[in-house]
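Visitor: This is the structure I have questions about; it appears just below.
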Amino acid sequence: MSQPGQGLSVGLFATCINDVMFPDTPKHVAELLTRLGCSLTSSPAQTCCGQMFTNTGYFREGEATVEAYVEAFADCDYVVAPSASCIGSVRHQHQMLAAHRPALARKVDRLIKRSLDLTEFLTDILEVEDVGASFPHTVTYHTGCHSLRVARIGDRPQRLLRAVRGLRLVDLADSDICCGFGGTFCLKNPDVSIAMATNKAKAVADTKAEYLAAVDNACLMNIGGILHRIKAPVTPIHVASILVQQEP
Amino acid sequence: MSQLTTLPRDTDGRLTPAPPPGELIDMPRFPINARHELANTDQRNNLQAATATIRAKRALRVSEVPQWEDLRQAAKTIKDQVDRHLDSYLLQAEQSLTKAGAIVHWARDATEANQIVVDLVKATGAPEVVKVKSMVTQETELNEALEQAGIAAWETDLAELIVQLGHDRPSHVLVPAIHKNRSQIKDIFLTEMGQYGTPAPADLTDDPSALTSAARTHLRNKFMRSTVGISGGNFLVADTGTLVVVESEGNGRMCLTLPQTLISVVGIEKIVPRFEDLEVFMRLLPRSSTGERMNPYTSMWTGVTPGDGPQNVHVVLVDNGRTSVLADPIGRQTLRCIRCSACMNTCPVYTLVGGHAYGSVYPGPIGICLSPLMRGLDSPIDQSLPYACTLCGACPDVCPVKIDFPEVIIHLRHEVAEHKIRDTKPHLETTAIAAAGWFFAKGRRFTVMTWLSGLVGRVFKAKKQFGAHMPWPARLWTSARDLPIPAAESFREWWRRNHERP
Ligand code: SF4
């Protein structure tokens with residue numbers, strides 16, 4: 001296929017949780033975007049979007065991650081992350097955190113417009129829905145709250161998944177209800193978080209899908225944690241790891 | 001006063017059913033209450049079913065109004081204007097009310113508000129009052145103040161009656177007994193009604209029409225003999241002095257029209273500037289709250305009409321923390337709330353735990369914002385409320401006055417964090433966050449952290465997932481969820497190996 005990403009310099013924002021827990025996800029993003037012609041960098045100056053600090057009320061720590069983000073990505077045409085939640089935080093919280101520092105705020109302003117979730121980058125910038133992937137399995141898709149209501153990426157993930165050869169997408173009941181992860185919520189309100197995740201895991205298991213896909217590994221870790229505990233035969237998988245699969 | 005002794009007393013020596021002991025503000029932190037409530041399976045099932053129905057109804061009714069977003073924007077604009085000029089609107093309202101023959105009273109807090117009402121009722125000599133469902137009198141705990149003064153306050157809204165007779169507290173602003181099912185209600189009616197008035201028929205079943213008929217008979221006597229009615233108000237129109245009560249059962253209409261004396265206790269944020277502004281709210285409120293196109297009863301009254309309805313009309317305007325909310329530039333948007341309850345019906349936390357976990361008259365999204373804003377952050381419950389939320393963002397989408405809940409909640413969390421940082425005694429959380437913050441502030445430091453996590457990953461490589469038996473705090477996660485082992489090699493390490501040739 002042609003190379004829609006030819007000449008674009010993309011900064012890969014792995015995000016902290018993927019860097020440490022799920023490195024395959026950013027690796028798959030790198031593989032996919034390279035295949036589509038982009039030239040990728042991944043600066044070691046990056047750390048985290050900062051939302052675990054900001055959303056817990058610790059703005060100074062959040063602000064420090066904004067500085068790291070700006071330092072890591074200021075020179076890229078685009079910053080792409082395999083996480084709509086982290087991108088949502090970049091786009092909706094970094095300005096607030098940097099507001100009292102005009103120089104930093106200006107850099108943030110320029111950068112947030114170019115910060116995209118992988119699925120947005122594919123459909124809106126590269127203008128592809130069929131990335132040439134093949135994944136002959138039954139998949140259900142979990143709509144992460146921040147992807148839906150903060151980053152507002154809409155149905156981009158589903159459009160990309162529907163274009164994957166062999167993939168059968170099955171509906172998930174109550175797909176707009178939160179899985180209960182909520183960042184530090186899962187530690188501050190463990191019982192409620194578990195009750196929510198259990199409801200979600202039951203709905204997932206009821207679909208009889210082989211895979212549970214999402215654009216955020218945090219949700220997948222939460223729902224997947226229950227699925228694994230109750231030995232439900234559903235494997236959590238990031239959308240990037242589906243889109244990278246090619247026909248053998 | 002001779003009438004007072006004629007009302008029967010219950011086995012506790014009270015005129016009205018005793019509420020549960022203790023003050024809401026003294027309740028433990030939200031997570032502790034939530035654990036307790038989650039264990040109540042009946043309540044969970046009642047709540048999940050009831051809120052799912054009401055959510056679907058709301059969505060349907062909202063979808064019928066093409067200009068819904070314009071209406072929301074208009075409501076927001078009107079309410080913001082009121083809050084910006086609240087001082088002058090309140091004076092205007094006082095003037096209009098006085099001109100129409102009502103007597104206006106001002107109350108700084110709950111104690112003042114209750115004292116005013118108690119004095120007014122005592123002056124009439126009435127031994128009892130009938131009440132229209134009202135949130136602000138829940139806030140001030142007026143019923144208890146009246147009981148202390150030897151006056152019986154009867155709730156007449158069906159669900160409020162169930163809660164009152166059940167020695168319970170409301171768990172929802174619109175459907176106070178949403179946590180109860182029919183058979184529980186039947187039991188409450190059978191055991192309690194007789195102590196406080198007309199008993200329920202001995203052969204009462206849990207059929208809804210039998211239950212409502214029992215309630216109707218029980219209330220009818222109280223309506224007929226009470227000479228004082230107490231209400232709240234959904235709206236207070238500043239330019240005409242008109243008060244508005246919106247309800248579904250008609251009990252409100254009875255309380256507002258039958259007694260000689262009507263005392264309306266109204267929060268100072270209930271103002272709308274002009275009568276025409278009601279058109280916006282009357283379209284938004286029923287569809288958002290009960291999922292109805294129109295609410296069955298809308299009562300409006302403007303002061304006193306000679307020879308028609310109550311001849312002594314009092315309006316008690318209550319602050320009780322509202323000016324503190326107004327003083328908070330981010331928090332003040334919560335004063336726009338019209339108590340429709342759409343946010344709680346939509347909240348994934350509320351719909352699981354119910355309203356009793358919040359230690360607050362207002363549960364759900366609006367409660368976790370409004371209560372700490374009104375009461376301050378000194379109590380454990382108020383410090384924990386802003387965290388009773390996953391920030392899923394479902395509530396701002398349904399709020400008819402467009403409150404940006406995540407913005408307010410994160411702002412309040414910041415206030416709580418600063419409160420903890422200022423505190424002289426050390427907090428585990430602030431220490432842990434400060435330590436994590438240091439690692440996350442610079443890429444270099446984060447790299448060091450990934451070496452440590454990689455080490456953990458290599459040590460436990462064979463395990464694949466951490467299971468149930470983990471020490472605290474990991475146990476908070478692993479008590480019900482397995483946890484993947486960190487990667488033996490972090491992404492940045494892999495990238496460095498493959499992309500950064502020395
Ligand atoms: S905050 Fe909004 S949604 Fe919640 S009760 Fe008030 S008006 Fe309704």
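Every chain in the structure tokens has a letter given in the order shown (A, B, ...), and although residue numbers restart at 1 in each chain, ligands are simply numbered from 1 in the order shown.
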What are the residues of chain B that have an atom within 8 Å of an atom of chain A, counting only C-alpha atoms, as JSON, numbers by chain?

Guide: {"B": [31, 34, 35, 38, 348, 349, 352, 353, 387, 388, 389, 390, 391, 392, 393, 394, 410, 411, 412, 413, 414, 415, 416, 417, 418, 433, 434, 437, 438, 440, 441, 442, 443, 444, 446, 447, 450, 453, 454, 467, 473, 476, 477, 480, 481, 482, 483, 484, 485, 486, 487, 489, 490, 491, 492, 495]}

Visitor: Using only C-alpha atoms and all ligand atoms, which residues of the polymer chains come no farther than 10 Å from ligand 1? I'd like the answer as a PyMOL selection string.

Guide: chain B and resi 75-76+172-174+284-285+288-289+333-347+362-367+369-370+395-405

Visitor: Using only C-alpha atoms, which residues sit within 10 Å of B:Ala49 once same-chain residues fewer than 5 positions away are excluded, as a VMD selection string?

Guide: chain B and resid 43 to 44 54 178 351

Visitor: Limited to N, CA, C and O atoms, could you put the picked residues into a file as a CSV table (one decimal), in the first residue's frame?

Guide:
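Wrote it out as again-v2.csv, contents follow:
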```csv
chain,number,residue,atom,x,y,z
B,43,GLN,N,-30.9,-3.6,48.2
B,43,GLN,CA,-30.8,-2.2,47.9
B,43,GLN,C,-30.1,-2.0,46.5
B,43,GLN,O,-30.5,-1.2,45.7
B,44,ARG,N,-29.0,-2.8,46.3
B,44,ARG,CA,-28.3,-2.7,45.1
B,44,ARG,C,-29.2,-3.0,43.9
B,44,ARG,O,-29.2,-2.3,42.9
B,54,ILE,N,-35.1,4.9,34.8
B,54,ILE,CA,-35.3,6.3,34.7
B,54,ILE,C,-34.3,6.9,33.7
B,54,ILE,O,-34.6,7.9,33.0
B,178,ILE,N,-35.8,5.3,46.9
B,178,ILE,CA,-35.4,4.5,45.7
B,178,ILE,C,-34.8,3.2,46.2
B,178,ILE,O,-34.8,2.2,45.4
B,351,THR,N,-25.2,4.8,41.4
B,351,THR,CA,-26.2,3.7,41.1
B,351,THR,C,-25.8,2.4,41.7
B,351,THR,O,-26.6,1.5,41.8
```

Visitor: Given the choices A:Arg35, A:His137, A:Lys231, A:His94, which gets closest to A:Leu167 if the distance is worked out from only C-alpha atoms?

Guide: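 Using only C-alpha atoms, A:Leu167 sits closest to A:His137.
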
Visitor: Apply DSSP to the structure's backbone, then extract all residues of stretch 252-391 of chain B labelled helix (DSSP H, G or I) and return them as a PyMOL selection string.

Guide: chain B and resi 252-257+268-270+275-289+322-327+331-336+342-346+350-353+355-358+364-375+380-387

Visitor: Hey, can you check how far atom CA of B:Ser183 sits from atom CA of B:Thr53?

Guide: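 Distance reported for this atom pair: 19.3 Å.
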
Visitor: Report the distance between atom CA of B:His105 and atom CA of B:Gln260 in Å, rounded to one decimal place.

Guide: 18.3 Å

Visitor: Among stretch 180-340 of chain B, which residues carry a DSSP assignment of strand (DSSP E or B), reported as a PyMOL selection string?

Guide: chain B and resi 228-231+235-237+242-247+261-267+271-272+297-302+305+308+312-318

Visitor: Would you pick out the contacts of B:Pro19 at 8 Å or less, using only C-alpha atoms, so that residues sharing its chain but fewer than 4 positions from it are not included, and give the list as a list in words?

Guide: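 Surrounding residues, per the criterion: Gln164, His167, Asp168 and Arg169 of chain B.
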
Visitor: Interatomic distance between atom CA of B:Arg253 and atom CA of B:Val129?

Guide: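 Interatomic distance, atom CA of B:Arg253 to atom CA of B:Val129: 14.6 Å.
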
Visitor: Identify, on the basis of only C-alpha atoms, every residue whose closest approach to stretch 195-198 of chain B does not exceed 10 Å; exclude the query and any residue fewer than 6 positions from it along the same chain; express the result as number ranges by chain.

Guide: B: 7-11, 14-17, 152, 154, 165, 214-222
